[in-house]
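K.L.:
Sharing input-v8.cif here; it has mmCIF, C-alpha atoms.
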data_input
#
loop_
_atom_site.label_atom_id
_atom_site.label_comp_id
_atom_site.auth_asym_id
_atom_site.auth_seq_id
_atom_site.Cartn_x
_atom_site.Cartn_y
_atom_site.Cartn_z
CA MET A 1 25.05 14.69 0.15
CA PRO A 2 21.83 13.69 -1.60
CA LEU A 3 19.60 10.95 -0.21
CA ASN A 4 20.25 7.48 -1.57
CA ARG A 5 17.62 6.90 -4.21
CA ASP A 6 18.40 3.17 -4.27
CA LYS A 7 16.37 3.11 -1.06
CA ILE A 8 13.09 3.70 -2.90
CA GLY A 9 10.89 0.68 -2.21
CA THR A 10 12.71 -0.34 0.99
CA GLU A 11 10.40 -1.72 3.68
CA TYR A 12 11.23 -1.56 7.37
CA ALA A 13 10.31 -3.90 10.21
CA PRO A 14 6.56 -3.99 10.90
CA TYR A 15 5.41 -2.88 14.34
CA ARG A 16 2.21 -3.57 16.21
CA TYR A 17 -0.15 -0.88 17.50
CA GLU A 18 -3.20 -1.46 19.66
CA VAL A 19 -5.83 1.30 19.55
CA SER A 20 -7.09 2.19 23.03
CA ARG A 21 -10.05 4.17 24.28
CA GLU A 22 -7.98 6.37 26.57
CA LYS A 23 -5.55 7.33 23.80
CA ILE A 24 -8.45 8.29 21.54
CA ARG A 25 -9.86 10.45 24.37
CA GLU A 26 -6.55 12.11 24.97
CA TYR A 27 -6.07 12.83 21.27
CA ALA A 28 -9.64 14.12 20.81
CA THR A 29 -9.25 16.35 23.88
CA ALA A 30 -6.04 17.87 22.50
CA LEU A 31 -7.92 18.81 19.31
CA GLY A 32 -10.95 20.25 21.12
CA GLU A 33 -13.22 17.63 19.58
CA SER A 34 -16.87 17.54 20.61
CA ASP A 35 -18.17 14.36 18.89
CA GLU A 36 -19.36 12.30 21.87
CA ARG A 37 -18.31 9.04 20.27
CA TYR A 38 -14.63 9.94 20.70
CA PHE A 39 -15.27 9.89 24.46
CA SER A 40 -17.79 7.06 24.57
CA ASN A 41 -17.58 3.78 26.47
CA HIS A 42 -19.97 2.11 24.01
CA ASP A 43 -19.57 3.17 20.38
CA CYS A 44 -16.14 4.79 20.51
CA VAL A 45 -14.36 5.58 17.23
CA ALA A 46 -11.23 7.59 16.49
CA PRO A 47 -10.90 10.82 14.48
CA PRO A 48 -9.29 10.34 11.04
CA THR A 49 -5.99 11.95 12.05
CA PHE A 50 -5.67 9.78 15.17
CA ALA A 51 -3.39 7.64 13.01
CA ALA A 52 -0.77 10.38 13.48
CA CYS A 53 -0.12 8.93 16.95
CA PHE A 54 1.42 5.75 15.57
CA THR A 55 2.62 6.56 12.05
CA VAL A 56 4.28 9.94 11.74
CA ILE A 57 7.14 9.64 14.24
CA LYS A 58 7.49 5.84 14.10
CA GLY A 59 7.44 5.67 10.31
CA GLY A 60 9.76 8.63 9.88
CA THR A 61 12.20 7.28 12.45
CA ALA A 62 12.26 3.85 10.82
CA ALA A 63 13.31 5.32 7.49
CA MET A 64 15.56 8.10 8.73
CA SER A 65 17.54 5.89 11.10
CA ASP A 66 18.55 3.73 8.12
CA PRO A 67 22.27 4.59 7.86
CA ASP A 68 22.22 3.92 4.10
CA LEU A 69 19.54 6.53 3.39
CA GLY A 70 21.73 9.53 4.18
CA ALA A 71 19.08 11.53 6.05
CA HIS A 72 20.19 14.79 7.68
CA MET A 73 18.68 17.20 10.16
CA ALA A 74 17.85 20.13 7.86
CA LEU A 75 14.31 18.95 7.31
CA VAL A 76 10.67 19.96 7.55
CA HIS A 77 7.44 17.98 7.38
CA GLY A 78 6.15 18.97 3.96
CA SER A 79 2.89 17.10 3.63
CA GLN A 80 0.83 14.35 5.18
CA SER A 81 -2.02 12.13 4.13
CA PHE A 82 -4.24 9.53 5.80
CA SER A 83 -6.57 7.39 3.75
CA TYR A 84 -9.07 4.82 4.92
CA ASP A 85 -10.40 1.79 3.07
CA GLY A 86 -13.01 0.81 5.62
CA ASP A 87 -14.36 1.85 8.98
CA PRO A 88 -12.79 4.36 11.39
CA LEU A 89 -10.34 2.99 13.95
CA LYS A 90 -11.84 1.89 17.27
CA PRO A 91 -10.62 0.67 20.66
CA GLY A 92 -9.28 -2.86 20.52
CA ASP A 93 -8.15 -2.68 16.90
CA VAL A 94 -4.77 -4.34 16.63
CA LEU A 95 -2.78 -3.08 13.68
CA VAL A 96 0.40 -4.22 12.02
CA CYS A 97 2.14 -1.21 10.52
CA THR A 98 4.84 -1.45 7.86
CA PRO A 99 6.88 1.64 6.93
CA ARG A 100 8.23 1.88 3.41
CA ILE A 101 10.13 4.47 1.39
CA ALA A 102 7.67 5.17 -1.40
CA ASP A 103 9.59 7.88 -3.20
CA ILE A 104 12.62 10.16 -3.19
CA HIS A 105 12.79 13.01 -5.64
CA TYR A 106 14.11 16.55 -5.76
CA ARG A 107 13.02 19.94 -6.98
CA GLY A 108 15.41 22.86 -7.02
CA SER A 109 17.83 22.41 -4.14
CA ASN A 110 15.48 20.39 -1.93
CA GLU A 111 14.78 16.68 -1.71
CA PHE A 112 11.43 15.06 -0.96
CA LEU A 113 11.30 11.77 0.90
CA THR A 114 7.91 10.04 1.00
CA VAL A 115 7.44 7.46 3.74
CA GLU A 116 4.28 5.40 3.66
CA VAL A 117 3.07 3.37 6.61
CA ASP A 118 0.65 0.61 5.61
CA CYS A 119 -1.47 -0.21 8.68
CA ARG A 120 -3.46 -3.43 8.48
CA HIS A 121 -5.74 -5.23 10.89
CA GLU A 122 -3.75 -8.06 12.42
CA ALA A 123 -6.78 -10.37 12.42
CA SER A 124 -8.00 -9.95 8.83
CA GLY A 125 -5.04 -8.48 6.98
CA ASP A 126 -7.35 -5.77 5.63
CA ARG A 127 -5.93 -2.30 5.38
CA ALA A 128 -7.15 0.04 8.09
CA VAL A 129 -5.28 3.20 7.15
CA LEU A 130 -2.46 4.25 4.86
CA SER A 131 -0.28 7.10 6.09
CA SER A 132 1.90 8.99 3.64
CA ALA A 133 4.37 11.59 4.91
CA THR A 134 6.62 13.72 2.74
CA ILE A 135 9.70 15.06 4.49
CA VAL A 136 11.54 17.90 2.78
CA PHE A 137 15.33 17.81 3.13
CA LEU A 138 16.63 21.31 2.59
CA GLY A 139 19.55 21.99 0.30
CA SER A 140 20.78 18.44 -0.38
CA ALA A 141 19.47 17.89 -3.91
CA PRO A 142 21.98 16.42 -6.36
CA GLN A 143 24.08 18.97 -8.21
CA PRO A 144 23.97 18.81 -12.03
CA GLN A 145 27.37 17.02 -12.25
CA GLU A 146 26.26 14.38 -9.74
CA GLU A 147 23.07 13.89 -11.70
CA SER A 148 24.83 13.12 -14.97
CA ALA A 149 27.50 10.94 -13.31
CA MET B 1 -23.23 18.01 10.60
CA SER B 2 -24.66 19.00 7.27
CA ASP B 3 -27.09 17.35 4.89
CA LEU B 4 -24.63 15.67 2.55
CA ALA B 5 -27.34 14.96 -0.01
CA ALA B 6 -27.78 18.71 -0.57
CA VAL B 7 -24.08 19.49 -0.94
CA GLU B 8 -22.93 21.13 -4.14
CA VAL B 9 -19.70 22.53 -5.55
CA GLY B 10 -18.89 25.74 -3.72
CA THR B 11 -20.51 24.73 -0.42
CA GLU B 12 -18.45 26.20 2.44
CA LEU B 13 -17.69 24.26 5.62
CA PRO B 14 -18.16 25.98 9.00
CA VAL B 15 -14.78 27.37 10.03
CA ILE B 16 -12.82 26.72 13.22
CA ALA B 17 -10.65 29.52 14.64
CA GLN B 18 -7.98 28.40 17.11
CA GLN B 19 -5.34 30.33 18.99
CA SER B 20 -2.24 28.25 19.68
CA SER B 21 -0.57 28.40 23.09
CA LEU B 22 1.98 26.53 25.15
CA MET B 23 -0.99 24.60 26.55
CA THR B 24 -2.34 23.51 23.14
CA SER B 25 1.19 22.59 22.05
CA VAL B 26 2.01 20.51 25.13
CA MET B 27 -1.36 18.75 24.97
CA TYR B 28 -0.84 17.90 21.32
CA ALA B 29 2.74 16.72 21.98
CA GLY B 30 1.57 14.39 24.73
CA ALA B 31 -1.43 13.09 22.82
CA SER B 32 0.42 12.48 19.54
CA GLY B 33 3.78 11.43 20.94
CA ASP B 34 5.58 14.08 18.86
CA MET B 35 7.91 15.44 21.54
CA ASN B 36 10.03 17.67 19.28
CA PRO B 37 11.04 20.52 21.67
CA LEU B 38 10.65 23.04 18.85
CA HIS B 39 6.97 22.97 19.83
CA TYR B 40 7.31 23.83 23.55
CA ASP B 41 10.88 24.80 24.49
CA GLN B 42 11.79 28.44 23.79
CA SER B 43 15.54 27.86 24.16
CA ILE B 44 15.45 25.24 21.38
CA ALA B 45 13.01 27.24 19.24
CA ALA B 46 15.33 30.26 19.45
CA GLN B 47 17.99 28.21 17.66
CA ILE B 48 16.00 26.33 15.06
CA SER B 49 12.61 27.94 14.49
CA PRO B 50 12.31 30.12 11.36
CA SER B 51 10.79 32.90 13.48
CA GLY B 52 12.95 32.32 16.55
CA GLY B 53 9.82 31.53 18.53
CA ILE B 54 7.90 28.37 19.34
CA ILE B 55 5.68 27.10 16.53
CA ALA B 56 2.71 24.73 16.73
CA HIS B 57 3.00 21.18 15.39
CA GLY B 58 2.08 21.04 11.71
CA MET B 59 0.16 17.91 12.62
CA TYR B 60 -1.89 19.89 15.13
CA SER B 61 -3.02 22.15 12.29
CA MET B 62 -3.82 19.07 10.20
CA GLY B 63 -5.82 17.65 13.10
CA LEU B 64 -7.87 20.84 13.30
CA VAL B 65 -8.64 21.08 9.60
CA SER B 66 -9.58 17.40 9.71
CA ARG B 67 -11.84 18.17 12.67
CA ALA B 68 -13.60 20.86 10.60
CA LEU B 69 -14.04 18.36 7.73
CA THR B 70 -15.18 15.49 9.95
CA GLU B 71 -17.69 17.56 11.96
CA TRP B 72 -19.19 18.80 8.71
CA ALA B 73 -19.26 15.30 7.19
CA GLY B 74 -21.10 13.86 10.21
CA GLY B 75 -18.32 11.70 11.64
CA PRO B 76 -15.15 9.79 10.80
CA GLU B 77 -17.06 7.01 9.02
CA HIS B 78 -17.72 9.53 6.23
CA VAL B 79 -14.09 10.60 5.80
CA THR B 80 -11.98 8.45 3.50
CA GLU B 81 -8.98 10.74 3.07
CA VAL B 82 -7.36 13.80 4.55
CA THR B 83 -4.27 15.17 2.80
CA VAL B 84 -2.48 18.43 3.59
CA ARG B 85 0.60 20.33 2.51
CA PHE B 86 2.13 22.57 5.17
CA THR B 87 2.91 25.98 3.73
CA LYS B 88 3.76 28.27 6.66
CA PRO B 89 4.68 27.86 10.35
CA TRP B 90 2.06 28.70 12.99
CA PRO B 91 3.68 30.73 15.81
CA LEU B 92 2.28 30.23 19.31
CA GLY B 93 -0.06 32.99 20.42
CA THR B 94 -1.50 33.56 16.96
CA THR B 95 -4.87 32.45 15.63
CA THR B 96 -5.32 30.21 12.60
CA THR B 97 -8.67 29.73 10.88
CA PHE B 98 -9.52 26.34 9.36
CA GLY B 99 -12.10 25.65 6.70
CA GLY B 100 -12.94 24.02 3.42
CA THR B 101 -14.86 24.44 0.17
CA VAL B 102 -16.52 21.64 -1.76
CA SER B 103 -14.67 21.34 -5.06
CA GLU B 104 -16.21 18.24 -6.61
CA VAL B 105 -19.29 16.06 -6.18
CA THR B 106 -19.33 12.73 -8.02
CA GLY B 107 -21.86 10.06 -7.13
CA ASP B 108 -21.27 9.23 -3.49
CA GLU B 109 -17.96 11.07 -3.21
CA ILE B 110 -17.47 14.69 -2.18
CA VAL B 111 -14.06 16.32 -2.56
CA VAL B 112 -13.32 19.27 -0.31
CA ALA B 113 -10.48 21.77 -0.79
CA LEU B 114 -9.15 22.29 2.74
CA TRP B 115 -7.44 25.47 3.85
CA ALA B 116 -6.07 27.25 6.89
CA THR B 117 -5.02 30.88 7.05
CA ASN B 118 -3.16 32.93 9.63
CA GLU B 119 -4.05 36.39 10.95
CA ASN B 120 -2.57 38.01 7.82
CA GLY B 121 -4.60 35.80 5.51
CA ASP B 122 -1.55 33.77 4.47
CA PRO B 123 -2.07 30.03 3.97
CA VAL B 124 -0.76 27.82 6.80
CA LEU B 125 -1.79 24.69 4.96
CA LYS B 126 -3.72 23.56 1.90
CA GLY B 127 -5.22 20.19 1.39
CA THR B 128 -7.86 17.81 0.16
CA GLY B 129 -10.53 15.89 2.00
CA ARG B 130 -12.60 13.06 0.59
CA VAL B 131 -16.01 12.34 2.04
CA ARG B 132 -18.46 9.59 1.18
CA ARG B 133 -22.16 10.25 1.62
#
Any chance you could put this one into structure tokens?
P.N.:
Amino acid sequence: MPLNRDKIGTEYAPYRYEVSREKIREYATALGESDERYFSNHDCVAPPTFAACFTVIKGGTAAMSDPDLGAHMALVHGSQSFSYDGDPLKPGDVLVCTPRIADIHYRGSNEFLTVEVDCRHEASGDRAVLSSATIVFLGSAPQPQEESA
Amino acid sequence: MSDLAAVEVGTELPVIAQQSSLMTSVMYAGASGDMNPLHYDQSIAAQISPSGGIIAHGMYSMGLVSRALTEWAGGPEHVTEVTVRFTKPWPLGTTTTFGGTVSEVTGDEIVVALWATNENGDPVLKGTGRVRR
């Protein structure tokens, strides 16, 4: 069964995420980072991919638990992007994160679901980071007869 | 950290070589919150992994290539985008090398072609980084 392409553009419930110093440290340690600011009590900032901690699983789950999407378990994480409009994340940043199905398309027998998570500062409304994940669903692309129907 | 003013097309970033292990995988799972057992439980990996063995998180490989980019750029305030496409699983116990090559320099923006290769030279990921000077 192909994914439901009527779901393109669907937004899911926003969730709140508060960036903390200890989580940045833990993440930087796991990556073997050496920039002292990731471990600092004064001028701490987060590595660019720190956003993975609150976008990849949460955003993917929001979309894939939608019963009308038709997600299935034969899937792989195909690609991922983080883009920043302003400064790096830092401890105390409070973000409001809204997942959205940005695209569904297929190539060959596979389908590609793109889930964006728009993460904005709660205080200003300015975008902090945009996450874009493409999940590849194996083997469920529409067959030619479904396509023309 | 490099002198970004002197960067030109073709400039190579310093590489990072990392061997994955159960330890790196469990640390990344805990830090990122991605608890998919494919990345630490052999009995699950035997059923669902393409190789039958445990594979590292794709996002761990993205984190490492982003680390290579960010260290070179002089810190996260210089990095405006990191994008990767995962091309091959990274089995635990093997070493992946992460690097990048400057592909474009326009005004204040530097575009870097990111790459990671396994021990056979096959690409584990390919991507793009954007850096502002």
K.L.:
Here's the selection I'm unsure about, the PyMOL selection byres ((chain B and resi 32-47) around 12); applied to the file above, which residues does it give, as a PyMOL selection string?
P.N.:
(chain A and resi 23-31+49-58+60-61+76) or (chain B and resi 20-31+48-60+63+89-92)
K.L.:
So that I can check the surroundings of Asp103 of chain A, please list as an NGL selection string every protein, DNA and RNA residue that reaches within 6 Å of it, counting only C-alpha atoms and ignoring chain neighbours fewer than 5 positions away.
P.N.:
:A and (8 or 113-114)
K.L.:
With all atoms listed in the file as the basis for distance, which of B:Gly100, B:Thr87, B:Ser61, B:His78 is at the shortest distance from Pro14 of chain B?
P.N.:
B:Gly100
K.L.:
Do you know which residues are at most 9 Å from Thr97 of chain B counting all atoms listed in the file, after dropping those on the same chain fewer than 3 positions away, and could you put them as a VMD selection string?
P.N.:
chain B and resid 15 to 19 65 115 to 119
K.L.:
Using all atoms listed in the file, find the one residue out of B:Arg132, B:Arg67, B:Lys126, B:Lys88 that sits nearest to Leu114 of chain B.
P.N.:
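Among the listed residues, B:Lys126 lies closest to Leu114 of chain B.
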K.L.:
Taking the file as shown, find all residues satisfying the PyMOL selection byres ((chain B and resi 76) around 6) and write them as a PyMOL selection string.
P.N.:
(chain A and resi 47-48+88) or (chain B and resi 70+75+77-79)
K.L.:
For Tyr38 of chain A, which residue out of A:Lys90, A:Arg16, A:Lys7, A:His105 is the nearest one, using all atoms listed in the file?
P.N.:
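Going through A:Lys90, A:Arg16, A:Lys7, A:His105 one by one, the smallest distance to Tyr38 of chain A is for A:Lys90.
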K.L.:
Which residues fall under the PyMOL selection byres ((chain B and resi 85) around 9) in this file, as a list in words?
P.N.:
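That selection, the PyMOL selection byres ((chain B and resi 85) around 9), comes back as His77, Gly78, Ser79, Gln80, Ser81 and Thr134 of chain A; Met62, Thr83, Val84, Phe86, Thr87, Val124, Leu125, Lys126 and Gly127 of chain B.
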K.L.:
For Ala73 of chain B, which of A:Asp35, A:Val96, A:Arg120, A:Glu11 is the closest residue, counting only C-alpha atoms?
P.N.:
A:Asp35
K.L.:
Can you tell me how far atom CA of Thr94 of chain B sits from atom CA of Phe137 of chain A, in Å to one decimal?
P.N.:
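Separation between atom CA of Thr94 of chain B and atom CA of Phe137 of chain A: 26.9 Å.
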K.L.:
Could you work out how far atom CA of Asp87 of chain A lies from atom CA of Asn41 of chain A, giving the answer in Å with one decimal?
P.N.:
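Answer for the atom CA of Asn41 of chain A to atom CA of Asp87 of chain A separation: 17.9 Å.
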K.L.:
Which of these residues is nearest to Leu130 of chain A, using all atoms listed in the file: B:Glu104, B:Glu109, B:Glu81, B:Asp122?
P.N.:
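Ranked by minimum distance to Leu130 of chain A, first place goes to B:Glu81.
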